[in-house]
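Visitor: So that you have it, the file is input28.cif, and it contains mmCIF, C-alpha atoms:
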```cif
data_work
loop_
_atom_site.label_atom_id
_atom_site.label_comp_id
_atom_site.auth_asym_id
_atom_site.auth_seq_id
_atom_site.Cartn_x
_atom_site.Cartn_y
_atom_site.Cartn_z
CA MET R 1 56.13 -94.47 -25.24
CA ASP R 2 55.70 -91.80 -27.89
CA CYS R 3 52.01 -92.57 -27.82
CA TRP R 4 51.83 -91.87 -24.05
CA ARG R 5 53.73 -88.63 -24.49
CA THR R 6 51.31 -87.57 -27.26
CA LEU R 7 48.27 -88.35 -25.05
CA LEU R 8 49.76 -86.42 -22.10
CA LEU R 9 50.46 -83.38 -24.30
CA LEU R 10 46.88 -83.40 -25.65
CA SER R 11 45.51 -83.63 -22.11
CA LEU R 12 47.50 -80.59 -20.95
CA LEU R 13 46.36 -78.59 -23.97
CA LEU R 14 42.69 -79.40 -23.27
CA THR R 15 43.06 -78.36 -19.63
CA ALA R 16 44.64 -75.02 -20.59
CA CYS R 17 41.81 -74.30 -23.04
CA ARG R 18 39.17 -74.88 -20.34
CA ALA R 19 40.90 -72.49 -17.91
CA ALA R 20 41.42 -69.66 -20.40
CA PRO R 21 38.92 -66.78 -20.30
CA VAL R 22 36.45 -66.52 -23.15
CA ALA R 23 37.41 -63.83 -25.63
CA SER R 24 34.92 -61.10 -26.49
CA GLU R 25 32.97 -61.43 -29.67
CA ARG R 26 34.87 -58.48 -31.15
CA GLY R 27 38.20 -59.98 -30.20
CA GLY R 28 40.79 -58.29 -28.06
CA ALA R 29 40.84 -58.60 -24.30
CA ALA R 30 38.58 -61.01 -22.56
CA SER R 31 35.52 -59.70 -20.71
CA ALA R 32 35.86 -59.17 -16.94
CA PRO R 33 33.24 -60.62 -14.63
CA ALA R 34 30.12 -58.40 -14.65
CA VAL R 35 29.92 -55.99 -11.71
CA GLU R 36 26.83 -53.75 -11.11
CA ALA R 37 27.88 -50.09 -11.55
CA PRO R 38 26.73 -47.60 -8.93
CA SER R 39 23.82 -45.49 -10.16
CA ALA R 40 24.71 -41.88 -11.05
CA PRO R 41 23.25 -39.25 -8.73
CA ALA R 42 20.09 -37.64 -10.06
CA PRO R 43 20.70 -34.12 -11.33
CA SER R 44 19.64 -31.54 -8.72
CA ALA R 45 16.67 -29.36 -9.57
CA PRO R 46 17.55 -25.76 -10.43
CA PRO R 47 16.84 -23.33 -7.60
CA ALA R 48 13.43 -21.72 -7.71
CA PRO R 49 13.52 -18.16 -9.08
CA LEU R 50 13.36 -15.42 -6.47
CA GLU R 51 10.06 -13.57 -6.19
CA ALA R 52 10.30 -9.79 -6.31
CA VAL R 53 8.75 -7.62 -3.61
CA ARG R 54 8.09 -4.07 -4.80
CA VAL R 55 9.21 -1.70 -2.05
CA GLY R 56 8.81 2.07 -2.00
CA THR R 57 11.49 4.25 -0.40
CA VAL R 58 12.28 7.97 -0.24
CA GLY R 59 16.03 7.52 -0.69
CA SER R 60 16.90 8.45 2.88
CA ALA R 61 19.68 6.87 4.91
CA THR R 62 17.13 5.05 7.09
CA ASP R 63 15.89 3.18 3.99
CA ALA R 64 19.14 1.23 4.23
CA ILE R 65 17.24 -1.25 6.41
CA PHE R 66 15.55 -2.71 3.31
CA TYR R 67 18.84 -2.95 1.39
CA TRP R 68 20.48 -4.56 4.43
CA ALA R 69 17.88 -7.34 4.32
CA GLN R 70 18.88 -7.89 0.70
CA GLU R 71 22.65 -7.67 1.13
CA ARG R 72 22.75 -9.94 4.18
CA GLY R 73 20.82 -12.61 2.28
CA TYR R 74 17.79 -12.46 4.59
CA LEU R 75 15.42 -11.91 1.68
CA ARG R 76 17.10 -14.58 -0.46
CA GLU R 77 16.66 -17.12 2.34
CA GLN R 78 12.93 -16.39 2.11
CA GLY R 79 12.96 -16.78 -1.67
CA LEU R 80 12.57 -13.02 -2.20
CA GLU R 81 14.42 -10.08 -3.71
CA LEU R 82 13.95 -6.30 -3.70
CA ASP R 83 12.41 -4.27 -6.49
CA VAL R 84 12.84 -0.69 -5.22
CA THR R 85 11.05 2.45 -6.42
CA VAL R 86 12.19 5.78 -4.97
CA PHE R 87 9.47 8.39 -4.34
CA ASN R 88 9.77 12.08 -3.48
CA GLY R 89 7.69 11.51 -0.36
CA ALA R 90 5.84 8.80 1.51
CA GLN R 91 2.48 10.36 0.56
CA GLN R 92 3.14 9.39 -3.07
CA MET R 93 3.28 5.70 -2.13
CA ILE R 94 -0.34 5.45 -0.95
CA ALA R 95 -2.04 5.32 -4.36
CA PRO R 96 0.38 2.72 -5.84
CA LEU R 97 -0.07 0.59 -2.71
CA GLY R 98 -3.85 0.71 -3.16
CA THR R 99 -3.72 -0.21 -6.86
CA ASP R 100 -1.26 -3.14 -6.54
CA GLN R 101 1.61 -1.26 -8.19
CA LEU R 102 3.58 -1.43 -4.94
CA ASP R 103 3.72 -4.09 -2.25
CA VAL R 104 5.47 -2.37 0.68
CA GLY R 105 5.87 1.24 1.70
CA ALA R 106 6.62 3.28 4.79
CA GLY R 107 5.64 6.67 6.05
CA GLY R 108 4.35 8.90 8.78
CA PRO R 109 0.85 8.19 10.12
CA GLY R 110 -0.66 11.52 9.08
CA PRO R 111 -3.92 12.76 7.56
CA GLY R 112 -2.84 11.85 4.03
CA LEU R 113 -2.64 8.19 5.01
CA PHE R 114 -5.70 8.23 7.27
CA ASN R 115 -7.92 10.07 4.78
CA ALA R 116 -6.90 7.67 2.01
CA ILE R 117 -7.92 4.72 4.20
CA LEU R 118 -11.25 6.39 4.99
CA ARG R 119 -11.83 6.85 1.25
CA GLY R 120 -11.38 3.12 0.65
CA VAL R 121 -7.65 2.69 -0.05
CA ASN R 122 -7.31 -0.46 2.01
CA VAL R 123 -3.62 -0.28 2.92
CA ARG R 124 -2.54 -2.00 6.13
CA ILE R 125 -0.27 -0.78 8.90
CA VAL R 126 1.79 -3.90 9.58
CA ALA R 127 4.89 -2.98 11.59
CA ASP R 128 6.89 -0.25 13.28
CA ARG R 129 9.21 1.73 11.03
CA SER R 130 10.46 4.39 13.45
CA ARG R 131 9.58 5.34 17.00
CA ALA R 132 10.74 8.03 19.42
CA ALA R 133 11.88 5.49 21.98
CA PRO R 134 14.49 6.46 24.56
CA PRO R 135 17.41 6.71 23.92
CA ALA R 136 16.68 7.61 20.27
CA ARG R 137 18.33 10.89 19.19
CA ASN R 138 17.39 11.17 15.52
CA GLN R 139 14.57 13.69 16.01
CA CYS R 140 14.73 16.81 18.15
CA LEU R 141 13.03 20.10 18.92
CA VAL R 142 15.86 22.51 18.13
CA VAL R 143 16.18 26.20 19.02
CA ARG R 144 18.36 28.87 17.48
CA LYS R 145 21.68 28.77 19.35
CA SER R 146 21.81 32.50 20.09
CA LEU R 147 18.42 32.32 21.84
CA LEU R 148 19.56 29.51 24.12
CA ASP R 149 22.99 31.01 24.76
CA SER R 150 21.50 34.37 25.77
CA GLY R 151 18.84 32.82 27.97
CA ALA R 152 16.05 34.33 25.86
CA VAL R 153 14.51 30.86 25.64
CA ARG R 154 14.44 28.81 28.82
CA SER R 155 10.97 27.29 28.71
CA PHE R 156 8.10 26.79 26.29
CA ALA R 157 6.53 29.99 27.58
CA ASP R 158 9.49 31.86 26.04
CA LEU R 159 8.48 30.69 22.57
CA ARG R 160 5.58 33.16 22.40
CA GLY R 161 5.89 35.22 19.22
CA ARG R 162 8.77 33.13 17.92
CA VAL R 163 8.97 31.67 14.39
CA PHE R 164 8.25 27.95 14.23
CA ALA R 165 9.25 26.08 11.04
CA GLU R 166 7.52 22.91 9.81
CA ASN R 167 8.71 20.78 6.90
CA VAL R 168 5.05 20.32 5.86
CA PRO R 169 2.03 22.12 7.31
CA ALA R 170 0.76 20.43 10.49
CA VAL R 171 3.31 17.61 10.31
CA LEU R 172 2.55 15.00 12.98
CA THR R 173 5.35 16.14 15.31
CA THR R 174 3.63 19.52 15.57
CA ALA R 175 1.11 17.73 17.78
CA ILE R 176 3.88 17.28 20.36
CA VAL R 177 4.89 20.95 20.11
CA GLU R 178 1.30 22.13 20.55
CA ARG R 179 0.80 19.95 23.62
CA GLU R 180 3.90 21.44 25.25
CA LEU R 181 2.80 24.98 24.35
CA GLN R 182 -0.60 24.31 25.92
CA ARG R 183 1.07 23.19 29.13
CA ALA R 184 2.76 26.60 29.19
CA GLY R 185 -0.56 28.38 28.61
CA LEU R 186 0.06 28.99 24.90
CA SER R 187 -1.19 27.58 21.61
CA LEU R 188 0.02 27.42 18.02
CA GLU R 189 -1.75 30.74 17.48
CA ASP R 190 0.84 32.33 19.77
CA VAL R 191 3.73 31.53 17.43
CA THR R 192 4.43 32.38 13.80
CA ARG R 193 4.43 29.28 11.63
CA THR R 194 6.29 28.88 8.36
CA THR R 195 6.82 25.92 6.03
CA LEU R 196 10.36 25.11 4.89
CA SER R 197 12.23 22.02 3.76
CA PHE R 198 14.79 20.71 6.21
CA PRO R 199 17.76 22.11 4.22
CA ASP R 200 16.01 25.51 3.99
CA MET R 201 15.45 25.48 7.74
CA LEU R 202 19.22 25.57 8.25
CA VAL R 203 19.37 28.67 6.04
CA GLY R 204 16.55 30.17 8.10
CA PHE R 205 18.41 29.55 11.35
CA ALA R 206 21.55 31.10 9.85
CA ASN R 207 19.62 34.24 8.87
CA ASP R 208 17.76 34.50 12.21
CA ALA R 209 14.52 33.91 10.27
CA VAL R 210 13.67 30.69 12.16
CA ASP R 211 13.64 30.34 15.94
CA PHE R 212 12.64 26.74 16.55
CA ALA R 213 11.67 23.58 14.66
CA VAL R 214 11.51 19.81 14.92
CA LEU R 215 14.48 18.52 12.93
CA VAL R 216 15.66 15.05 11.96
CA GLU R 217 19.13 13.76 11.20
CA PRO R 218 21.43 14.67 9.52
CA PHE R 219 20.14 18.25 9.86
CA ILE R 220 20.40 18.23 13.67
CA THR R 221 24.09 17.37 13.53
CA LEU R 222 24.77 19.70 10.59
CA GLY R 223 23.05 22.61 12.34
CA GLU R 224 24.97 22.05 15.56
CA GLN R 225 28.22 21.64 13.65
CA ARG R 226 27.67 25.05 12.04
CA GLU R 227 26.66 26.52 15.43
CA LEU R 228 23.27 27.59 14.09
CA LEU R 229 21.11 25.73 16.57
CA ARG R 230 21.10 23.35 19.49
CA CYS R 231 19.03 20.32 20.23
CA TRP R 232 16.77 21.46 23.07
CA LYS R 233 14.33 18.59 23.64
CA TYR R 234 14.46 15.18 22.00
CA THR R 235 11.11 13.86 20.79
CA SER R 236 11.83 10.70 22.77
CA GLU R 237 11.90 12.86 25.94
CA LEU R 238 8.80 14.91 25.13
CA GLN R 239 6.63 11.94 24.17
CA PRO R 240 8.34 8.58 24.67
CA HIS R 241 7.46 5.92 22.09
CA PHE R 242 5.72 8.40 19.82
CA GLN R 243 4.99 6.56 16.56
CA ILE R 244 6.93 8.46 13.87
CA ALA R 245 6.57 6.09 10.91
CA VAL R 246 5.05 2.72 10.06
CA VAL R 247 5.48 -0.06 7.50
CA LEU R 248 2.57 -0.37 5.08
CA TYR R 249 1.37 -3.31 2.98
CA GLY R 250 -0.83 -2.94 -0.07
CA PRO R 251 -4.14 -4.84 0.16
CA ALA R 252 -3.28 -7.23 -2.70
CA PHE R 253 0.09 -8.09 -1.12
CA ALA R 254 -1.54 -8.71 2.28
CA GLU R 255 -4.52 -10.74 1.03
CA GLN R 256 -3.54 -12.34 -2.27
CA ARG R 257 0.18 -12.92 -1.67
CA THR R 258 -0.02 -13.53 2.04
CA GLU R 259 2.78 -16.09 2.13
CA LEU R 260 5.20 -13.66 0.48
CA ALA R 261 4.07 -10.93 2.87
CA ARG R 262 4.84 -13.18 5.83
CA ARG R 263 8.27 -14.12 4.53
CA PHE R 264 9.11 -10.49 3.81
CA MET R 265 8.36 -9.62 7.43
CA VAL R 266 10.78 -12.31 8.65
CA ALA R 267 13.59 -10.80 6.56
CA TYR R 268 12.66 -7.24 7.56
CA LEU R 269 12.72 -8.01 11.29
CA ARG R 270 16.08 -9.74 10.97
CA ALA R 271 17.46 -6.57 9.39
CA VAL R 272 15.86 -4.40 12.09
CA ARG R 273 17.47 -6.55 14.79
CA ASP R 274 20.89 -6.10 13.18
CA HIS R 275 20.29 -2.34 13.17
CA HIS R 276 19.29 -2.45 16.84
CA ARG R 277 22.45 -4.35 17.78
CA ALA R 278 24.62 -2.00 15.75
CA PHE R 279 23.36 1.23 17.30
CA PHE R 280 21.76 0.27 20.62
CA GLY R 281 23.53 -2.97 21.47
CA ASP R 282 27.01 -4.43 21.10
CA GLY R 283 27.88 -2.51 17.91
CA ALA R 284 28.01 -5.55 15.61
CA HIS R 285 27.97 -4.57 11.89
CA ARG R 286 27.83 -0.86 12.79
CA ALA R 287 30.56 0.15 10.32
CA GLU R 288 28.95 -1.85 7.50
CA LEU R 289 25.55 -0.36 8.17
CA ILE R 290 26.95 3.17 8.24
CA ARG R 291 28.60 2.64 4.85
CA LEU R 292 25.33 1.31 3.44
CA MET R 293 23.39 4.26 4.91
CA GLY R 294 25.83 6.58 3.18
CA ARG R 295 25.32 4.86 -0.18
CA VAL R 296 21.54 4.81 0.12
CA GLY R 297 21.23 8.36 1.44
CA GLY R 298 23.86 9.85 -0.86
CA ILE R 299 26.05 10.95 2.07
CA SER R 300 29.76 10.56 1.37
CA ASP R 301 30.93 11.93 4.73
CA LEU R 302 31.21 8.76 6.81
CA GLU R 303 32.54 10.74 9.75
CA LEU R 304 29.29 12.72 9.75
CA LEU R 305 27.27 9.51 9.64
CA GLU R 306 29.19 8.24 12.66
CA ARG R 307 28.00 11.26 14.66
CA LEU R 308 24.34 11.10 13.68
CA GLY R 309 21.75 10.08 16.22
CA PRO R 310 20.32 6.76 14.96
CA SER R 311 16.64 6.10 14.49
CA TRP R 312 14.96 3.53 16.72
CA MET R 313 13.00 0.64 15.24
CA ASP R 314 11.22 -1.92 17.36
CA PRO R 315 13.12 -5.23 16.97
CA ASN R 316 9.80 -7.01 17.55
CA GLY R 317 8.00 -4.88 14.97
CA GLU R 318 5.24 -3.74 17.30
CA VAL R 319 3.24 -0.60 16.52
CA ASN R 320 2.27 1.84 19.27
CA VAL R 321 -1.45 1.95 18.45
CA GLU R 322 -2.26 4.33 21.30
CA SER R 323 0.19 6.83 19.81
CA LEU R 324 -1.63 6.51 16.47
CA ARG R 325 -4.93 7.21 18.21
CA ASP R 326 -3.48 10.33 19.86
CA THR R 327 -2.20 11.62 16.53
CA GLN R 328 -5.54 10.90 14.86
CA ARG R 329 -7.48 12.79 17.54
CA TRP R 330 -5.23 15.79 16.96
CA TYR R 331 -5.83 15.76 13.19
CA VAL R 332 -9.59 15.25 13.57
CA GLY R 333 -9.72 18.12 16.07
CA ARG R 334 -7.95 20.38 13.59
CA GLY R 335 -10.37 19.43 10.80
CA GLU R 336 -7.59 17.93 8.69
CA GLN R 337 -8.95 14.37 8.86
CA ILE R 338 -12.44 13.56 7.57
CA GLY R 339 -13.21 10.93 10.22
CA GLU R 340 -11.70 8.37 12.55
CA VAL R 341 -9.86 5.31 11.28
CA ASP R 342 -10.68 1.99 12.96
CA PHE R 343 -7.21 0.89 14.00
CA ASP R 344 -8.48 -2.54 15.05
CA ARG R 345 -9.02 -3.13 11.32
CA VAL R 346 -6.18 -1.12 9.83
CA VAL R 347 -3.34 -2.34 12.07
CA ASP R 348 -2.74 -5.90 10.87
CA SER R 349 -0.41 -7.75 13.25
CA ARG R 350 -0.61 -11.16 11.51
CA PHE R 351 2.67 -10.70 9.68
CA VAL R 352 4.68 -9.63 12.72
CA GLU R 353 3.15 -12.50 14.70
CA TYR R 354 4.25 -14.94 12.00
CA ALA R 355 7.79 -13.52 11.99
CA LEU R 356 8.01 -13.69 15.79
CA ALA R 357 6.92 -17.33 15.66
CA GLN R 358 9.90 -18.00 13.37
CA LEU R 359 12.47 -15.79 15.10
CA GLY R 360 11.32 -15.61 18.71
CA ARG R 361 10.97 -12.35 20.60
CA TYR R 362 13.97 -10.03 20.83
CA PRO R 363 14.83 -9.16 24.46
CA THR R 364 14.24 -5.47 25.12
CA PRO R 365 14.44 -3.53 28.41
#
```
Please, can you express the file's structure as structure tokens?
Guide:
Amino acid sequence: MDCWRTLLLLSLLLTACRAAPVASERGGAASAPAVEAPSAPAPSAPPAPLEAVRVGTVGSATDAIFYWAQERGYLREQGLELDVTVFNGAQQMIAPLGTDQLDVGAGGPGPGLFNAILRGVNVRIVADRSRAAPPARNQCLVVRKSLLDSGAVRSFADLRGRVFAENVPAVLTTAIVERELQRAGLSLEDVTRTTLSFPDMLVGFANDAVDFAVLVEPFITLGEQRELLRCWKYTSELQPHFQIAVVLYGPAFAEQRTELARRFMVAYLRAVRDHHRAFFGDGAHRAELIRLMGRVGGISDLELLERLGPSWMDPNGEVNVESLRDTQRWYVGRGEQIGEVDFDRVVDSRFVEYALAQLGRYPTP
């Protein structure tokens, strides 16, 4: 009987040994059944560095459009960022654009630009920068308030012998003034012309030394606020859709970095469309844009900025080429331009066309 009990005990011990898990070679807890671990996610590639676009500005409030493209992330979405250089005038941008020291600039389509192109500086006019499109109110033919109040000036014929101030000699808006004088049987020879900066023009109006001029904002609003002058005829009334300024690309940017030039135009037009909505549409982002314009233009009086007539920029970027041709004919006729620019070559619409293919056309009246 003891023998059977011994055999039974040995049998139970053997069974327990078979069922027990095998201990690890190092001892301690037994190994769990092998389970395939999920693979770790591959580390994401670092974002590509942003490519700088060198943009020339003159430090005016309207240059805020470029900074808006940066601050809203429109440039970043295109893999770009701003590298801004501030110039004293748009004329100073032409040489750096031609020598690949600057990618993008903007300025008035005057003889300085046209003569540079004729001399071989192969800059391109690529988009609208500012146009006298109704209902734009940022540029106006102003007359000394006392002359209008007294009735001394009622028509262009009454400007005979009066003092006409220009910010630079034969600035492109003088072409509009001369055309209106000619309709009244006068010419520029029938008025006294003087050259003054916009701030100095206000002093001239205050001292009765200036009778009329084409002013831009904020000087229109400042002059009216001080009761020195009144806006008599908006440029947008005298010559609707007159091309005031254009966006320029340097030849290297347009031809050697074409993809960047295309992407920049997408970001620029998105910013222009925001500006259009803010000032000519539903008012979205108006307050933000005004604050940015104040920072860029060095204007701390936000209440003044609220009252300024905004500039008009084509939300589809289109350039009024016929207006450029009219301006060119005027300069050639005056002997200030050495020849005629071929606008079929100089106006390069490829970049706007690319941007419109990405964004679609903006509905305009």
Visitor: Hey, could you make a per-residue contact list for segment 219-315 of chain R against segment 105-120 of chain R with 12 Å as the cut-off, showing the nearest pair of atoms and its distance in Å to one decimal, counting all atoms listed in the file, sorted by chain and number, as a Markdown table?
Guide:
```
| residue | atom | partner | partner_atom | distance |
| --- | --- | --- | --- | --- |
| R:Phe242 | CA | R:Pro109 | CA | 10.9 |
| R:Gln243 | CA | R:Pro109 | CA | 7.8 |
| R:Ile244 | CA | R:Gly108 | CA | 5.7 |
| R:Ala245 | CA | R:Gly108 | CA | 4.2 |
| R:Val246 | CA | R:Ala106 | CA | 5.5 |
| R:Val247 | CA | R:Ala106 | CA | 4.4 |
| R:Leu248 | CA | R:Gly105 | CA | 5.0 |
| R:Tyr249 | CA | R:Gly105 | CA | 6.5 |
| R:Gly250 | CA | R:Gly105 | CA | 8.1 |
| R:Pro251 | CA | R:Gly120 | CA | 10.8 |
| R:Phe253 | CA | R:Gly105 | CA | 11.3 |
```
Visitor: Applied to this file, what does the PyMOL selection byres ((chain R and resi 309) around 7) return in terms of residues, put as a CSV table (one decimal) with C-alpha atoms, keeping the file's coordinate frame?
Guide:
```csv
chain,number,residue,atom,x,y,z
R,136,ALA,CA,16.7,7.6,20.3
R,137,ARG,CA,18.3,10.9,19.2
R,138,ASN,CA,17.4,11.2,15.5
R,217,GLU,CA,19.1,13.8,11.2
R,307,ARG,CA,28.0,11.3,14.7
R,308,LEU,CA,24.3,11.1,13.7
R,310,PRO,CA,20.3,6.8,15.0
R,311,SER,CA,16.6,6.1,14.5
```
Visitor: With a distance cut-off of 9 Å and all atoms listed in the file, select the neighbouring residues of Phe66 of chain R, excluding the residue or stretch itself and same-chain residues fewer than 6 positions from it, and output the selection as a list in words.
Guide: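 The residues that qualify are Val55, Thr57, Leu82, Ala267, Tyr268, Ala271 and Val272 of chain R.
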Visitor: Quick one: apply the PyMOL selection byres ((chain R and resi 201) around 12) to the file and drop the selected residues here as an MDAnalysis selection string.
Guide: chainID R and resid 142:144 163:168 194:200 202:216 219:220 222:223 228:229
Visitor: For the atom pair atom CA of Gly161 of chain R and atom CA of Glu189 of chain R, what is the interatomic distance in Å to one decimal place?
Guide: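 Computing it gives 9.0 Å between the two atoms.
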